[in-house]
Each structure stands twice: as structure tokens, then as C-alpha cells.
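Below: one structure, written as C-alpha cells.
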Amino acid sequence: MKNYDVIIIGAGAAGLMAAVQLARRKKSVLIIDMGTEPARKVVVSGGGKCNFTNLHADWTHYFGKNPRFVCSALTQWTPNDTLNWVRTHKIETYEKEPGRYFCEHDAHDIVNALLNDIRDTKIQYNTTVNSVEKSDDKFIIKTNRGDFSATSVIIATGGLSYAHLGVSNIGHVIAKQFGHKIEPVRPALCAMKTKAFSSELAGISLQAEITINKNKLNGDLLFTHFGIGGPVVYRASLFGSQKMTVNFAPSTNIFELLKEAKKTNGKKTVANILSGILPNKLAHFLCADTRHIADLRDNELKQIADTVNNFEISDATAIGLQSAEVTAGGISTDKISSKTMESQLCAGLYFAGETIDIAGDLGGYNLQWAFSSGFVAGLNA
Ligand SMILES: Cc1cc2nc3c(=O)[nH]c(=O)nc-3n(C[C@H](O)[C@H](O)[C@H](O)COP(=O)(O)OP(=O)(O)OC[C@H]3O[C@@H](n4cnc5c(N)ncnc54)[C@H](O)[C@@H]3O)c2cc1C
């Protein structure tokens with residue numbers, strides 16, 4: 001059996017970036033993937049335009065037991081390195097928000113650039129890894145298409161979300177087998193279920209501010225048939241908390257607005273007044289009182305104002321792994337070297353990407369993590 005210097009399990013963003021570095025180092029490498037094509041999550045990312053990095057990426061944009069784990073990798077392969085690498089491949093980009101970069105044309109451009117950099121590296125598709133064993137100084141990778149041998153292994157098997165693209169928990173299984181702890185997995189960057197709203201609001205979207213675990217998040221909120229979605233809710237789902245408050249009019253002090261309206265527009269209902277700044281249906285949902293505003297006491301106006309500026313939700317749960325953009329949790333960072341991505345429990349075993357207990361915020365942070373951790377693993381394996 002041929003012994004490779006390195007076998008990479010997973011031809012996603014992290015595994016392919018690791019392979020790019022190994023190709024530069026002239027190592028003999030085999031990439032094994034159970035799918036029929038590489039980097040399927042890159043292809044669907046950013047609505048097909050791949051938000052491939054964010055220049056603001058630092059540890060504060062990451063979640064997990066130890067978010068500072070990302071620091072070393074992010075300085076070894078920075079967001080600017082990603083951007084420069086993309087530009088070297090002459091991929092046209094656009095900056096949707098300051099520092100947040102997408103492909104101008106198609107996410108496939110990123111996949112093709114990765115493949116272009118590893119033209120001589122063999123990728124074994126349609127091959128599912130079932131287990132990894134270590135005997136003497138070699139790893140034996142057991143698959144549905146036979147065994148493969150390598151001196152080092154990089155586990156880049158991704159998360160468990162978007163299962164229809166082909167996912168598995170083999171990374172967690174292998175890590176556990178070598179003594180690593182697995183942090184419980186949960187869906188993140190996804191819509192959330194809640195009974196706090198009527199399904200009649202489904203389809204309405206507006207700018208809102210969510211306060212969760214003392215963090216304030218701003219962005220578009222979309223009402224759905226089962227709860228709430230949209231970018232600001234996706235971000236809130238990273239915190240894994242059922243409790244949050246929503247401000248439906250972040251730039252308006254509703255109590256002041258209603259007190260003023262009581263003086264100047266006393267014959268209107270509160271919902272009429274609120275309709276001036278909120279979608280009509282939402283205004284009526286938040287305040288069903290049909291009295292003239294002049295007939296409401298200030299403490300009643302304050303209560304209504306609080307439902308607009310400070311709406312409390314206590315039952316929000318992430319909708320599920322099937323539609324979550326990332327998986328929070330995974331292989332604990334405890335026994336992985338952040339400088340090399342090597343296991344501290346088993347020499348020659350490396351990890352990269354989403355399979356590790358690191359989840360990034362919405363905005364290109366997850367692919368940056370995949371690239372940075374893949375780079376480091378590929379530099380050291
Ligand atoms: C819809 C969607 C949109 C997204 N948009 C963005 C975005 O715009 N920007 C951003 O930063 N992030 C985005 N993300 C997240 C980002 O795509 C992922 O975090 C990133 O691709 C993870 O890369 P990875 O290499 O760690 O894992 P993956 O890309 O999941 O790769 C893992 C690979 O391992 C293979 N594998 C798994 N198990 C086995 C096994 N047993 N045997 C062999 N092979 C195996 C899989 O086939 C897969 O190819 C998005 C995700 C989704 C789902």
C-alpha cells in the first residue's frame with residue numbers, strides 16, 4: 001500500500017486550502033471525499049456568490065468554548081491573505097459592506113482557484129472514510145473503497161448542517177477515538193422558532209435590533225410561519241439562548257412618540273400612529289387597543305411602547321441543522337495546538353475548519369476560519 005505524506009479527509013474549503021500549502025511544500029498528498037465534487041458548501045455560500053472573507057475577522061467574531069483559539073491561525077493566514085490570494089487568481093470581487101467580500105460572478109470561481117493550486121494532487125471522490133487507525137508511525141484510513149496509509153492526517157470533515165449536501169460526524173468520531181472531547185453540536189446561523197408572533201405576520205420584514213446575552217445585533221428581521229428569520233436572527237442563533245428582546249423601531253423612542261401623538265393626534269388609535277413607522281400588520285399585532293390615543297394613560301402608553309422597543313421572547317430555538325449555515329460545537333479546542341492545528345494527544349493528527357468547536361458570525365467569518373485553519377494545518381502536517 002502506498003504511504004502518502006499526508007491524507008486530508010474532506011475536500012471542503014479547509015481541506016483544499018490545506019492541500020494548497022502541502023502542494024507548495026511538495027508533499028505527497030491524497031484528498032478523500034465522500035461526495036462527487038469538491039467544496040459543495042462553498043458553491044452554495046453567499047447565495048452562490050461566496051462571501052469568502054471579512055477584513056474585520058478577529059476572535060470577537062467567533063463562538064465556541066474558547067473563541068480566542070482562532071487568533072494564531074488568523075494571524076498566520078489573514079483576511080488580507082485570502083483577498084490577495086483571490087486577486088492573484090483574477091477573481092472579480094465586490095465589497096458588499098466595508099470589509100465583507102463576495103465573488104462578483106460565481107462561488108465556483110473560488111473552488112476553481114483552489115483546484116487550480118492543487119492540479120497535481122489526487123482527489124479520491126465517492127469515498128467515505130469509516131475509521132482511522134494508528135499503527136506504528138502510520139495512519140491507516142479505512143474507507144468503503146479500501147484502506148489508505150499516511151504519515152499524517154488532516155481531519156477537515158466540516159459540520160453537520162445542510163445534510164443534503166453530504167455531511168458526516170466522522171471527524172468527531174475519529175477525534176473522540178484519539179481522546180479529544182466533543183462539545184455538543186447545535187445549529188447556528190439559521191432562523192428561529194418562537195410562539196411569540198402570529199403566523200399572519202409571515203412575509204413582513206423590517207430593520208430591527210436584537211439584544212441577546214447583553215449583545216446588540218442590528219439588521220433585517222423577517223417574520224416566518226414558524227417564527228423569525230433574516231440576518232439579524234441568524235446572528236442571534238449563534239448565542240444558543242432562548243431569551244432575547246427585539247426592538248422593532250431602534251431609532252425611535254416610541255414612548256415619546258406616543259406621548260406627543262396623544263397631544264397632537266388624540267383621535268387616532270395607537271396602531272394608526274405606529275403604522276407610520278412600522279408595517280401596518282405588525283403595528284396592529286403589537287397594539288390591538290382600539291381606543292383613541294387621547295383616552296390612554298401614560299403608563300398604558302409606556303407598556304405599549306415597551307412591546308415595540310423591548311419585545312421579550314423567551315422560547316426562541318434554532319430551527320434545525322437541516323437549514324443552518326453552520327454547526328456550533330464540535331471537536332474541543334482544548335487539546336489542539338492553535339499554532340499548528342496538531343492534536344496534542346496524537347502526533348501527526350491535524351484538524352481544520354468547521355469540524356472544530358468554532359463557529360463564525362455571519363459575514364464571511366466561517367470561510368475565513370476554514371482557510372486560516374486549513375492553511376496552518378497544511379503548513380505543519
Ligand atoms: C447555505 C450556506 C451558505 C453559507 N454561506 C457562507 C458565506 O457566504 N460565507 C462564509 O464564510 N461561510 C458561509 N457558510 C459556511 C461555510 O460554507 C462553511 O463553514 C465552510 O464551507 C466549512 O468548510 P469545511 O472545509 O470546514 O467543511 P465542508 O465544506 O463541510 O467540507 C467537509 C467535507 O468533508 C467531506 N466529508 C465529511 N465526512 C466524510 C467522510 N466520512 N468521508 C469522506 N469525506 C467526508 C464532505 O463531503 C465535505 O466535502 C455557508 C454555509 C451554508 C450551508
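Ligands are numbered from 1 in the order shown, chains are lettered A, B, ... in the order of the C-alpha cells, and residues start at 1 in each chain.
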message = Using only C-alpha atoms, which protein or nucleic acid residues come within 10 Å of Asp220 of chain A? Drop anything in the same chain fewer than 5 positions from it, and give the result as number ranges by chain.
response = A: 205-209, 229-234
Take the residues from that selection and write them out as a PDB file, in the first residue's frame, keeping C-alpha atoms.
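Writing the result to result37.pdb gives the following:
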ATOM      1  CA  SER A 205     -39.533  42.246   7.078  1.00  0.00           C
ATOM      2  CA  LEU A 206     -38.062  45.283   8.789  1.00  0.00           C
ATOM      3  CA  GLN A 207     -34.877  46.618  10.364  1.00  0.00           C
ATOM      4  CA  ALA A 208     -34.670  45.548  13.995  1.00  0.00           C
ATOM      5  CA  GLU A 209     -32.266  45.386  16.892  1.00  0.00           C
ATOM      6  CA  GLY A 229     -35.562  34.746  10.360  1.00  0.00           C
ATOM      7  CA  GLY A 230     -33.371  37.172   8.442  1.00  0.00           C
ATOM      8  CA  PRO A 231     -29.727  38.140   9.009  1.00  0.00           C
ATOM      9  CA  VAL A 232     -30.161  39.606  12.499  1.00  0.00           C
ATOM     10  CA  VAL A 233     -31.914  36.426  13.699  1.00  0.00           C
ATOM     11  CA  TYR A 234     -29.282  34.216  12.029  1.00  0.00           C
TER      12      TYR A 234
END
DSSP on the backbone: what in segment 227-305 of chain A comes out helix (DSSP H, G or I), as a PDB file with C-alpha atoms, in the first residue's frame?
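Result saved to part36.pdb:
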ATOM      1  CA  PRO A 231     -29.727  38.140   9.009  1.00  0.00           C
ATOM      2  CA  VAL A 232     -30.161  39.606  12.499  1.00  0.00           C
ATOM      3  CA  VAL A 233     -31.914  36.426  13.699  1.00  0.00           C
ATOM      4  CA  TYR A 234     -29.282  34.216  12.029  1.00  0.00           C
ATOM      5  CA  ARG A 235     -26.665  36.053  14.063  1.00  0.00           C
ATOM      6  CA  ALA A 236     -28.726  35.747  17.257  1.00  0.00           C
ATOM      7  CA  SER A 237     -28.926  31.964  16.776  1.00  0.00           C
ATOM      8  CA  ILE A 254     -41.860  55.044  20.972  1.00  0.00           C
ATOM      9  CA  PHE A 255     -42.992  56.296  24.393  1.00  0.00           C
ATOM     10  CA  GLU A 256     -42.034  59.870  23.448  1.00  0.00           C
ATOM     11  CA  LEU A 257     -43.670  59.450  20.043  1.00  0.00           C
ATOM     12  CA  LEU A 258     -46.951  58.240  21.610  1.00  0.00           C
ATOM     13  CA  LYS A 259     -46.997  60.984  24.265  1.00  0.00           C
ATOM     14  CA  GLU A 260     -46.549  63.578  21.532  1.00  0.00           C
ATOM     15  CA  ALA A 261     -49.261  61.944  19.389  1.00  0.00           C
ATOM     16  CA  LYS A 262     -51.615  61.985  22.391  1.00  0.00           C
ATOM     17  CA  LYS A 263     -51.342  65.798  22.358  1.00  0.00           C
ATOM     18  CA  THR A 264     -51.472  66.369  18.616  1.00  0.00           C
ATOM     19  CA  VAL A 270     -52.103  53.773  18.806  1.00  0.00           C
ATOM     20  CA  ALA A 271     -51.917  51.274  15.933  1.00  0.00           C
ATOM     21  CA  ASN A 272     -52.622  54.128  13.479  1.00  0.00           C
ATOM     22  CA  ILE A 273     -49.737  56.091  14.937  1.00  0.00           C
ATOM     23  CA  LEU A 274     -47.420  53.072  14.949  1.00  0.00           C
ATOM     24  CA  ASN A 280     -49.351  48.058   9.343  1.00  0.00           C
ATOM     25  CA  LYS A 281     -49.978  44.408  10.305  1.00  0.00           C
ATOM     26  CA  LEU A 282     -47.172  44.445  12.845  1.00  0.00           C
ATOM     27  CA  ALA A 283     -48.451  47.709  14.340  1.00  0.00           C
ATOM     28  CA  HIS A 284     -51.874  46.120  14.851  1.00  0.00           C
ATOM     29  CA  PHE A 285     -50.343  42.919  16.237  1.00  0.00           C
ATOM     30  CA  LEU A 286     -48.288  44.853  18.786  1.00  0.00           C
ATOM     31  CA  ILE A 293     -54.819  57.553  21.980  1.00  0.00           C
ATOM     32  CA  ALA A 294     -56.088  60.548  23.987  1.00  0.00           C
ATOM     33  CA  ASP A 295     -58.003  58.085  26.192  1.00  0.00           C
ATOM     34  CA  ASP A 298     -49.223  57.428  30.100  1.00  0.00           C
ATOM     35  CA  ASN A 299     -48.454  54.154  31.896  1.00  0.00           C
ATOM     36  CA  GLU A 300     -50.555  52.329  29.282  1.00  0.00           C
ATOM     37  CA  LEU A 301     -48.631  54.100  26.518  1.00  0.00           C
ATOM     38  CA  LYS A 302     -45.388  53.059  28.230  1.00  0.00           C
ATOM     39  CA  GLN A 303     -46.465  49.407  28.207  1.00  0.00           C
ATOM     40  CA  ILE A 304     -47.276  49.559  24.502  1.00  0.00           C
ATOM     41  CA  ALA A 305     -44.002  51.387  23.793  1.00  0.00           C
TER      42      ALA A 305
END
Practice problem: Enumerate as a ChimeraX atom specification the residues within 6 Å of ligand 1, counting only C-alpha atoms and all ligand atoms. | Solution: /A:9-15,32-35,38-39,41-42,44-46,50-52,127-130,156-159,162,166-168,170,325-326,353-355,363-368,370
Residues of the last selection are to be written out with N, CA and C atoms, as a CSV table (one decimal), in the first residue's frame.
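Saved file result.csv follows:
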chain,number,residue,atom,x,y,z
A,9,ILE,N,-8.8,14.4,4.9
A,9,ILE,CA,-10.2,13.8,4.8
A,9,ILE,C,-11.1,15.1,4.7
A,10,GLY,N,-11.7,15.2,3.6
A,10,GLY,CA,-12.7,16.4,3.3
A,10,GLY,C,-12.1,17.3,2.3
A,11,ALA,N,-12.8,17.4,1.2
A,11,ALA,CA,-12.4,18.4,0.1
A,11,ALA,C,-13.3,19.6,0.2
A,12,GLY,N,-13.4,20.2,1.4
A,12,GLY,CA,-14.1,21.5,1.5
A,12,GLY,C,-13.1,22.6,1.5
A,13,ALA,N,-13.6,23.8,1.9
A,13,ALA,CA,-12.7,24.9,1.9
A,13,ALA,C,-11.4,24.7,2.8
A,14,ALA,N,-11.6,24.1,3.9
A,14,ALA,CA,-10.5,23.9,4.8
A,14,ALA,C,-9.5,22.8,4.3
A,15,GLY,N,-10.0,21.7,3.8
A,15,GLY,CA,-9.2,20.6,3.3
A,15,GLY,C,-8.4,21.1,2.1
A,32,ILE,N,-9.4,12.7,0.4
A,32,ILE,CA,-10.5,11.8,0.3
A,32,ILE,C,-11.8,12.5,0.6
A,33,ASP,N,-12.8,12.3,-0.3
A,33,ASP,CA,-14.1,13.0,0.0
A,33,ASP,C,-15.2,12.0,-0.4
A,34,MET,N,-16.3,12.0,0.4
A,34,MET,CA,-17.4,11.1,0.1
A,34,MET,C,-18.3,11.6,-1.0
A,35,GLY,N,-18.2,12.9,-1.4
A,35,GLY,CA,-19.0,13.5,-2.4
A,35,GLY,C,-18.5,13.2,-3.8
A,38,PRO,N,-16.0,18.8,-5.2
A,38,PRO,CA,-15.4,19.4,-4.1
A,38,PRO,C,-16.2,20.6,-3.6
A,39,ALA,N,-15.9,21.0,-2.3
A,39,ALA,CA,-16.4,22.2,-1.7
A,39,ALA,C,-17.8,22.6,-2.0
A,41,LYS,N,-20.2,23.3,-0.1
A,41,LYS,CA,-20.7,24.4,0.7
A,41,LYS,C,-20.2,25.7,0.3
A,42,VAL,N,-19.0,25.7,-0.3
A,42,VAL,CA,-18.5,27.0,-0.9
A,42,VAL,C,-19.4,27.4,-2.1
A,44,VAL,N,-22.6,26.9,-2.6
A,44,VAL,CA,-23.9,27.5,-2.2
A,44,VAL,C,-23.7,28.7,-1.3
A,45,SER,N,-22.5,29.0,-0.9
A,45,SER,CA,-22.3,30.0,0.1
A,45,SER,C,-22.6,31.4,-0.5
A,46,GLY,N,-23.0,32.3,0.4
A,46,GLY,CA,-23.3,33.7,0.0
A,46,GLY,C,-24.3,33.8,-1.1
A,50,CYS,N,-20.6,33.5,-2.7
A,50,CYS,CA,-19.5,33.2,-1.8
A,50,CYS,C,-18.9,34.4,-1.1
A,51,ASN,N,-19.4,34.7,0.1
A,51,ASN,CA,-18.8,35.7,0.9
A,51,ASN,C,-17.5,35.1,1.5
A,52,PHE,N,-16.4,35.3,0.8
A,52,PHE,CA,-15.2,34.5,1.1
A,52,PHE,C,-14.4,35.0,2.3
A,127,THR,N,-15.7,8.4,-1.9
A,127,THR,CA,-15.0,7.5,-0.9
A,127,THR,C,-15.3,8.0,0.5
A,128,THR,N,-16.0,7.2,1.2
A,128,THR,CA,-16.4,7.5,2.6
A,128,THR,C,-15.4,6.9,3.6
A,129,VAL,N,-14.9,7.8,4.4
A,129,VAL,CA,-14.0,7.3,5.5
A,129,VAL,C,-14.9,6.8,6.6
A,130,ASN,N,-14.5,5.6,7.0
A,130,ASN,CA,-15.3,4.9,8.1
A,130,ASN,C,-14.6,5.0,9.4
A,156,ALA,N,-10.7,17.4,8.0
A,156,ALA,CA,-11.4,18.6,7.6
A,156,ALA,C,-12.8,18.2,7.1
A,157,THR,N,-13.5,17.5,8.0
A,157,THR,CA,-14.8,16.9,7.5
A,157,THR,C,-16.0,17.8,7.8
A,158,GLY,N,-15.8,19.1,8.2
A,158,GLY,CA,-16.9,20.0,8.3
A,158,GLY,C,-17.9,19.8,9.4
A,159,GLY,N,-19.0,20.5,9.3
A,159,GLY,CA,-20.1,20.4,10.3
A,159,GLY,C,-21.2,19.5,9.9
A,162,TYR,N,-26.9,21.4,6.8
A,162,TYR,CA,-27.1,21.2,5.4
A,162,TYR,C,-26.8,19.8,4.9
A,166,GLY,N,-24.4,16.4,1.9
A,166,GLY,CA,-23.5,15.3,2.2
A,166,GLY,C,-22.6,15.7,3.4
A,167,VAL,N,-23.0,15.2,4.6
A,167,VAL,CA,-22.2,15.5,5.8
A,167,VAL,C,-22.0,14.3,6.6
A,168,SER,N,-21.0,14.3,7.5
A,168,SER,CA,-21.0,13.1,8.4
A,168,SER,C,-20.2,13.6,9.7
A,170,ILE,N,-17.9,11.9,11.1
A,170,ILE,CA,-16.7,11.1,11.2
A,170,ILE,C,-15.5,11.8,11.9
A,325,GLU,N,-26.7,27.4,8.5
A,325,GLU,CA,-25.5,27.6,7.7
A,325,GLU,C,-24.2,27.0,8.4
A,326,VAL,N,-24.2,26.9,9.7
A,326,VAL,CA,-23.1,26.3,10.3
A,326,VAL,C,-23.5,25.4,11.5
A,353,GLY,N,-11.1,23.7,10.0
A,353,GLY,CA,-12.4,24.0,9.6
A,353,GLY,C,-13.5,23.9,10.6
A,354,GLU,N,-14.7,23.7,10.1
A,354,GLU,CA,-15.9,23.7,10.9
A,354,GLU,C,-16.1,22.5,11.8
A,355,THR,N,-15.3,21.4,11.6
A,355,THR,CA,-15.4,20.3,12.5
A,355,THR,C,-15.0,20.6,13.9
A,363,GLY,N,-21.1,36.8,7.7
A,363,GLY,CA,-20.3,37.9,7.1
A,363,GLY,C,-19.0,37.4,6.5
A,364,GLY,N,-18.8,36.1,6.3
A,364,GLY,CA,-17.5,35.7,5.7
A,364,GLY,C,-16.6,35.1,6.7
A,365,TYR,N,-17.0,35.1,7.9
A,365,TYR,CA,-16.0,34.7,9.0
A,365,TYR,C,-15.8,33.2,9.0
A,366,ASN,N,-16.8,32.4,8.6
A,366,ASN,CA,-16.6,30.9,8.6
A,366,ASN,C,-15.7,30.5,7.5
A,367,LEU,N,-15.8,31.0,6.3
A,367,LEU,CA,-14.8,30.6,5.3
A,367,LEU,C,-13.4,31.1,5.6
A,368,GLN,N,-13.4,32.3,6.2
A,368,GLN,CA,-12.0,32.8,6.6
A,368,GLN,C,-11.4,31.8,7.6
A,370,ALA,N,-12.1,28.6,7.9
A,370,ALA,CA,-11.8,27.4,7.1
A,370,ALA,C,-10.4,27.6,6.4
request  = Can you list, as a count of residues only, all residues belonging to segment 138-277 of chain A that DSSP tags as strand (DSSP E)?
outcome  = 49
Which neighbours of Thr269 of chain A fall inside 7 Å, counting only C-alpha atoms, when residues of the same chain fewer than 6 positions from it are skipped, and could you give them as a short mmCIF file (atom, residue, chain, number, x, y, z; two decimals) with C-alpha atoms, in the first residue's frame?
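So the final result, stored in result.cif, reads:
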data_model
loop_
_atom_site.label_atom_id
_atom_site.label_comp_id
_atom_site.auth_asym_id
_atom_site.auth_seq_id
_atom_site.Cartn_x
_atom_site.Cartn_y
_atom_site.Cartn_z
CA THR A 290 -58.90 50.37 19.59
CA ARG A 291 -59.34 53.36 21.93
CA HIS A 292 -58.34 56.86 20.84
CA ILE A 293 -54.82 57.55 21.98
#
